[in-house]
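As structure tokens, the structure follows; a few thoughts come after it.
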Amino acid sequence: MRLAFAVSLLLLMTIPPAHGQSYQPTFRPETLKGPPPGRPNEVLVLGSTHLSGAPADFAPSLLAPLLDRLAAWRPTAIATEDLSGLQCDALRRYPLRYADTVKTYCPDPTSAAQATGLDVPAANAEAERLLAAWPAAPGAADRRRLAAVFLAAGERNSALVQWLRLPSSERRAGDGLTDDLIAALTKLETRRNESGLIGATLAARLGLERVWSVDDHSADTPDSPDPVERKAAEDAIAKAWDNPATRARGAAYTRLDAEIAKPDGVLTLYRALNAPTAPLLAFRSDFGAALMEPSPQQFGRSYVGYWETRNLRMVANIRDVLGRFPGTRLLAIVGASHKGYYEAYLNQMHDVRLADAIVVLKQVNSRKSSRRRQRP
């Protein structure tokens, strides 16, 4: 026994200590993907520009070639970079931390609550109930009612899906939709935002009943009340971002913005945003640079911690949808800086397979191809 113990101790003493980068776990979830029975879960991550910042000559009609290619991929679910009504409801209960977050990211559901008699949790439950018993051929009254319920639930882009699926002659007040709510939906329909112009528009076109809000801002913290510390944090991050990678990204976006109104300009932009090299360039420009900034307060590390937490929780929301509906083909529309993190984290999941956005975006429009083949 003594000899065995001595030998074991000697062996332990000869093993070098594990340091952060030298240790690699042997359990690799991304290598253990089954396949499970049935249709696999597939996710196409579309890194997007925020269309609110598109140049003045941008028009929603320019998105048609992009929408055609995404439609050809035939997603059965669409996720957008929006806070869910339920998360907004939770954040409203902690204004000390989240008042600015709610003001920035959470639409006010008060009017819809008054019209339907439902608060956010009750409206979400009602939407689930309605969809569980959804008729094969829903009438206009069904869609108006569900649109109103989605607005009360804080799910305005899902409400927009129902609004867009109504015939023009049926887009009127009734069944919970008031004139005020209709005005909000009409404004949302033309708002420069990828969640509506791409996500909800595509969902309606494909016959889907909703989109999924998967953004997460529960890692938000208010800025320091000390103006000196606030200024120090802003200066530290700005200095970190002042680097060659940031300048390269900025120059590329300037060139792409100048081309956006030209034929296939939107496709050129989205192919660049989803290029294999784009995530690493974003990292070097932004998060990698912040990680290494040398302030004593370690502002950069706090920022990167927030960023990774947010992306992990966003991906967890996507995984939740896939877990509820196995065999889903999900399009995830998100700001381009998130794309690398989305794909890296999703790829670790046993029951998730990723689609290549570049392959999808380079597909020739099927209708045009068909016409070409028919020509003598």
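Chain labels run A, B, ... following the order of the structure tokens; each chain numbers its residues from 1, and ligands are numbered from 1 in the order shown.
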Per residue of region 251-328 of chain A within 7 Å of region 207-220 of chain A, note the shortest atom pair and the distance in Å to one decimal, counting only C-alpha atoms, and order the rows by chain and increasing residue number, as a tab-separated table.
```
residue	atom	partner	partner_atom	distance
A:Tyr306	CA	A:Ala219	CA	5.9
A:Thr309	CA	A:Ala219	CA	6.7
A:Arg310	CA	A:Asp216	CA	5.8
A:Arg313	CA	A:Asp216	CA	6.2
A:Met314	CA	A:Asp215	CA	5.2
A:Asn317	CA	A:Val214	CA	5.4
A:Ile318	CA	A:Val214	CA	6.4
```
Go ahead and dump the residues you just picked, N, CA and C atoms, as a PDB file, in the first residue's frame.
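The result, written out as part38.pdb:
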```
ATOM      1  N   TYR A 306     -19.846  40.653 -21.289  1.00  0.00           N
ATOM      2  CA  TYR A 306     -21.240  40.940 -21.656  1.00  0.00           C
ATOM      3  C   TYR A 306     -21.559  40.358 -23.029  1.00  0.00           C
ATOM      4  N   THR A 309     -21.796  36.527 -23.040  1.00  0.00           N
ATOM      5  CA  THR A 309     -23.006  36.116 -22.319  1.00  0.00           C
ATOM      6  C   THR A 309     -24.242  36.329 -23.177  1.00  0.00           C
ATOM      7  N   ARG A 310     -24.312  37.484 -23.820  1.00  0.00           N
ATOM      8  CA  ARG A 310     -25.473  37.777 -24.663  1.00  0.00           C
ATOM      9  C   ARG A 310     -25.602  36.753 -25.787  1.00  0.00           C
ATOM     10  N   ARG A 313     -26.787  33.328 -24.579  1.00  0.00           N
ATOM     11  CA  ARG A 313     -28.211  33.298 -24.251  1.00  0.00           C
ATOM     12  C   ARG A 313     -29.074  33.392 -25.506  1.00  0.00           C
ATOM     13  N   MET A 314     -28.619  34.133 -26.505  1.00  0.00           N
ATOM     14  CA  MET A 314     -29.346  34.180 -27.779  1.00  0.00           C
ATOM     15  C   MET A 314     -29.379  32.804 -28.421  1.00  0.00           C
ATOM     16  N   ASN A 317     -31.736  30.516 -26.734  1.00  0.00           N
ATOM     17  CA  ASN A 317     -33.120  30.739 -27.150  1.00  0.00           C
ATOM     18  C   ASN A 317     -33.424  30.022 -28.461  1.00  0.00           C
ATOM     19  N   ILE A 318     -32.468  30.040 -29.392  1.00  0.00           N
ATOM     20  CA  ILE A 318     -32.639  29.301 -30.648  1.00  0.00           C
ATOM     21  C   ILE A 318     -32.718  27.806 -30.364  1.00  0.00           C
TER      22      ILE A 318
END
```
Identify, on the basis of only C-alpha atoms, every residue whose closest approach to Asp175 (chain A) does not exceed 12 Å; exclude the query and any residue fewer than 2 positions from it along the same chain; express the result as a list in words. Ala112, Ala115, Thr116, Gly139, Ala140, Ala141, Asp142, Arg143, Arg144, Arg145, Leu146, Ala147, Ala148, Val149, Glu170, Arg171, Arg172, Ala173, Leu177, Thr178, Asp179, Leu181 and Ile182 of chain A
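One finds CA of Gly196 (chain A) at 23.5 Å from CA of Asp119 (chain A).
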What's around Thr201 (chain A) at 10 Å? Count only C-alpha atoms, leave out sequence neighbours fewer than 2 positions away in its own chain, and write the answer as a list in words. Leu67, Asn157, Leu160, Val161, Leu164, Arg165, Glu189, Glu194, Ser195, Gly196, Leu197, Ile198, Gly199, Ala203, Ala204, Arg205 and Leu206 of chain A
Which of region 230-294 of chain A fall in alpha helix (DSSP H), as an NGL selection string: :A and (230-241 or 244-259 or 265-273 or 278-282 or 288-291)
Would you export the selected residues with C-alpha atoms as a short mmCIF file (atom, residue, chain, number, x, y, z; two decimals), in the first residue's frame, please?
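Okay, part15.cif is ready:
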```
data_model
loop_
_atom_site.label_atom_id
_atom_site.label_comp_id
_atom_site.auth_asym_id
_atom_site.auth_seq_id
_atom_site.Cartn_x
_atom_site.Cartn_y
_atom_site.Cartn_z
CA ARG A 230 -18.02 56.62 -17.81
CA LYS A 231 -15.65 58.76 -19.83
CA ALA A 232 -12.72 56.48 -18.99
CA ALA A 233 -14.66 53.43 -20.17
CA GLU A 234 -15.72 55.11 -23.41
CA ASP A 235 -12.17 56.27 -24.11
CA ALA A 236 -10.65 52.86 -23.37
CA ILE A 237 -13.01 51.01 -25.71
CA ALA A 238 -12.71 53.66 -28.42
CA LYS A 239 -8.92 53.40 -28.26
CA ALA A 240 -9.10 49.62 -28.54
CA TRP A 241 -11.37 49.90 -31.57
CA PRO A 244 -6.29 48.42 -38.75
CA ALA A 245 -9.06 45.80 -38.72
CA THR A 246 -11.67 48.44 -37.82
CA ARG A 247 -10.45 50.69 -40.61
CA ALA A 248 -10.57 47.78 -43.07
CA ARG A 249 -14.16 46.96 -42.06
CA GLY A 250 -15.20 50.59 -42.29
CA ALA A 251 -13.72 51.00 -45.76
CA ALA A 252 -15.43 47.82 -46.95
CA TYR A 253 -18.82 48.91 -45.61
CA THR A 254 -18.44 52.31 -47.25
CA ARG A 255 -17.82 50.65 -50.62
CA LEU A 256 -20.71 48.23 -50.16
CA ASP A 257 -23.12 50.98 -49.09
CA ALA A 258 -22.27 52.87 -52.27
CA GLU A 259 -23.26 49.81 -54.31
CA GLY A 265 -26.01 45.36 -54.65
CA VAL A 266 -27.88 43.85 -51.68
CA LEU A 267 -26.64 40.38 -52.56
CA THR A 268 -23.08 41.68 -52.81
CA LEU A 269 -23.45 43.25 -49.37
CA TYR A 270 -24.88 40.11 -47.75
CA ARG A 271 -22.28 37.87 -49.36
CA ALA A 272 -19.57 40.08 -47.88
CA LEU A 273 -21.21 40.07 -44.44
CA ALA A 278 -15.86 38.15 -41.81
CA PRO A 279 -16.16 36.80 -38.21
CA LEU A 280 -12.42 36.87 -37.56
CA LEU A 281 -12.14 40.39 -38.96
CA ALA A 282 -14.99 41.47 -36.66
CA GLY A 288 -10.38 40.77 -29.59
CA ALA A 289 -9.10 44.33 -29.42
CA ALA A 290 -11.28 45.10 -26.39
CA LEU A 291 -10.11 41.93 -24.64
#
```
Spatial neighbours of Phe287 (chain A), 9 Å, only C-alpha atoms, chain gap at least 4 places, as an MDAnalysis selection string: chainID A and resid 241 282:283 291:292 300:301 303:304 307
Using DSSP on the backbone, list every residue of region 114-233 of chain A that comes out as strand (DSSP E or B), and give them as a PyMOL selection string. chain A and resi 174+177+212-215
List as a ChimeraX atom specification the protein and nucleic acid residues near Gln363 (chain A), meaning an atom at most 10 Å away when only C-alpha atoms are counted, but skip any in the same chain fewer than 2 places from it. /A:68-70,72-73,358-361,365-366
For all heavy atoms, I'd like the residues from the last selection saved as an mmCIF file, in the first residue's frame.
```
data_model
loop_
_atom_site.group_PDB
_atom_site.id
_atom_site.type_symbol
_atom_site.label_atom_id
_atom_site.label_comp_id
_atom_site.auth_asym_id
_atom_site.auth_seq_id
_atom_site.Cartn_x
_atom_site.Cartn_y
_atom_site.Cartn_z
ATOM 1 N N ASP A 68 -35.587 36.047 -52.354
ATOM 2 C CA ASP A 68 -35.768 34.897 -53.239
ATOM 3 C C ASP A 68 -34.846 33.749 -52.848
ATOM 4 O O ASP A 68 -35.254 32.584 -52.816
ATOM 5 C CB ASP A 68 -35.490 35.295 -54.689
ATOM 6 C CG ASP A 68 -36.599 36.141 -55.297
ATOM 7 O OD1 ASP A 68 -37.699 36.193 -54.716
ATOM 8 O OD2 ASP A 68 -36.357 36.752 -56.351
ATOM 9 N N ARG A 69 -33.603 34.054 -52.553
ATOM 10 C CA ARG A 69 -32.643 32.999 -52.207
ATOM 11 C C ARG A 69 -32.932 32.396 -50.843
ATOM 12 O O ARG A 69 -32.808 31.184 -50.653
ATOM 13 C CB ARG A 69 -31.220 33.562 -52.289
ATOM 14 C CG ARG A 69 -30.741 33.657 -53.745
ATOM 15 C CD ARG A 69 -29.640 34.676 -53.930
ATOM 16 N NE ARG A 69 -29.179 34.704 -55.317
ATOM 17 C CZ ARG A 69 -29.821 35.317 -56.308
ATOM 18 N NH1 ARG A 69 -30.962 35.941 -56.063
ATOM 19 N NH2 ARG A 69 -29.343 35.292 -57.535
ATOM 20 N N LEU A 70 -33.335 33.231 -49.901
ATOM 21 C CA LEU A 70 -33.695 32.703 -48.582
ATOM 22 C C LEU A 70 -34.963 31.859 -48.665
ATOM 23 O O LEU A 70 -35.071 30.816 -48.008
ATOM 24 C CB LEU A 70 -33.878 33.849 -47.590
ATOM 25 C CG LEU A 70 -32.627 34.674 -47.293
ATOM 26 C CD1 LEU A 70 -32.980 35.858 -46.398
ATOM 27 C CD2 LEU A 70 -31.544 33.829 -46.646
ATOM 28 N N ALA A 72 -35.888 30.128 -51.189
ATOM 29 C CA ALA A 72 -35.532 28.865 -51.853
ATOM 30 C C ALA A 72 -34.935 27.861 -50.877
ATOM 31 O O ALA A 72 -34.994 26.655 -51.104
ATOM 32 C CB ALA A 72 -34.553 29.138 -52.996
ATOM 33 N N TRP A 73 -34.362 28.352 -49.778
ATOM 34 C CA TRP A 73 -33.831 27.444 -48.747
ATOM 35 C C TRP A 73 -34.961 26.803 -47.941
ATOM 36 O O TRP A 73 -34.749 25.793 -47.278
ATOM 37 C CB TRP A 73 -32.875 28.205 -47.820
ATOM 38 C CG TRP A 73 -32.098 27.315 -46.915
ATOM 39 C CD1 TRP A 73 -31.111 26.429 -47.253
ATOM 40 C CD2 TRP A 73 -32.259 27.186 -45.486
ATOM 41 N NE1 TRP A 73 -30.642 25.788 -46.140
ATOM 42 C CE2 TRP A 73 -31.325 26.236 -45.041
ATOM 43 C CE3 TRP A 73 -33.086 27.815 -44.554
ATOM 44 C CZ2 TRP A 73 -31.198 25.880 -43.696
ATOM 45 C CZ3 TRP A 73 -32.969 27.465 -43.218
ATOM 46 C CH2 TRP A 73 -32.034 26.506 -42.799
ATOM 47 N N ILE A 358 -23.195 31.325 -47.637
ATOM 48 C CA ILE A 358 -22.644 31.705 -48.939
ATOM 49 C C ILE A 358 -23.212 30.827 -50.047
ATOM 50 O O ILE A 358 -23.547 31.307 -51.138
ATOM 51 C CB ILE A 358 -21.108 31.634 -48.920
ATOM 52 C CG1 ILE A 358 -20.539 32.759 -48.055
ATOM 53 C CG2 ILE A 358 -20.532 31.725 -50.319
ATOM 54 C CD1 ILE A 358 -20.840 34.153 -48.577
ATOM 55 N N VAL A 359 -23.365 29.551 -49.787
ATOM 56 C CA VAL A 359 -23.964 28.650 -50.788
ATOM 57 C C VAL A 359 -25.390 29.092 -51.091
ATOM 58 O O VAL A 359 -25.805 29.159 -52.255
ATOM 59 C CB VAL A 359 -23.933 27.195 -50.286
ATOM 60 C CG1 VAL A 359 -24.738 26.289 -51.225
ATOM 61 C CG2 VAL A 359 -22.505 26.700 -50.179
ATOM 62 N N VAL A 360 -26.152 29.413 -50.051
ATOM 63 C CA VAL A 360 -27.539 29.852 -50.244
ATOM 64 C C VAL A 360 -27.590 31.169 -51.005
ATOM 65 O O VAL A 360 -28.383 31.340 -51.939
ATOM 66 C CB VAL A 360 -28.251 29.982 -48.887
ATOM 67 C CG1 VAL A 360 -29.640 30.601 -49.060
ATOM 68 C CG2 VAL A 360 -28.355 28.622 -48.198
ATOM 69 N N LEU A 361 -26.725 32.111 -50.647
ATOM 70 C CA LEU A 361 -26.761 33.431 -51.271
ATOM 71 C C LEU A 361 -26.249 33.426 -52.707
ATOM 72 O O LEU A 361 -26.539 34.346 -53.470
ATOM 73 C CB LEU A 361 -25.941 34.417 -50.445
ATOM 74 C CG LEU A 361 -26.487 34.715 -49.048
ATOM 75 C CD1 LEU A 361 -25.531 35.613 -48.282
ATOM 76 C CD2 LEU A 361 -27.865 35.331 -49.114
ATOM 77 N N ASN A 365 -31.548 32.356 -58.894
ATOM 78 C CA ASN A 365 -33.005 32.367 -58.743
ATOM 79 C C ASN A 365 -33.622 31.247 -59.557
ATOM 80 O O ASN A 365 -33.407 31.139 -60.758
ATOM 81 C CB ASN A 365 -33.549 33.720 -59.200
ATOM 82 C CG ASN A 365 -35.041 33.834 -58.982
ATOM 83 O OD1 ASN A 365 -35.819 33.201 -59.681
ATOM 84 N ND2 ASN A 365 -35.428 34.648 -58.025
ATOM 85 N N SER A 366 -34.396 30.389 -58.885
ATOM 86 C CA SER A 366 -34.910 29.190 -59.554
ATOM 87 C C SER A 366 -35.849 29.530 -60.697
ATOM 88 O O SER A 366 -35.853 28.866 -61.731
ATOM 89 C CB SER A 366 -35.628 28.302 -58.529
ATOM 90 O OG SER A 366 -36.678 29.009 -57.911
#
```
I want to know what sits within 8 Å of Gln348 (chain A), based on only C-alpha atoms, with residues of the same chain fewer than 5 positions away left out; could you give that as a list in words? Arg28, Pro29 and Glu30 of chain A
For Val45 (chain A), list every protein, DNA or RNA residue within 9 Å, evaluated using only C-alpha atoms, and leave out those in the same chain fewer than 2 positions away; present the list as a ChimeraX atom specification. /A:43,47,274,330-334,339,342-343,354-357
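Counting from CA of Lys33 (chain A), the distance to CA of Asp351 (chain A) is 5.9 Å.
As for CA of Asn243 (chain A) and CA of Glu293 (chain A), they are spaced 11.7 Å apart.
Considering the residues A:Asp82, A:Asp223, A:Asp180, A:Asp57 and counting only C-alpha atoms, Tyr98 (chain A) has its shortest atom-to-atom contact with A:Asp223.
Considering the residues A:Ser22, A:Asn311, A:Thr328, A:Thr110 and counting only C-alpha atoms, Ile78 (chain A) has its shortest atom-to-atom contact with A:Thr328.
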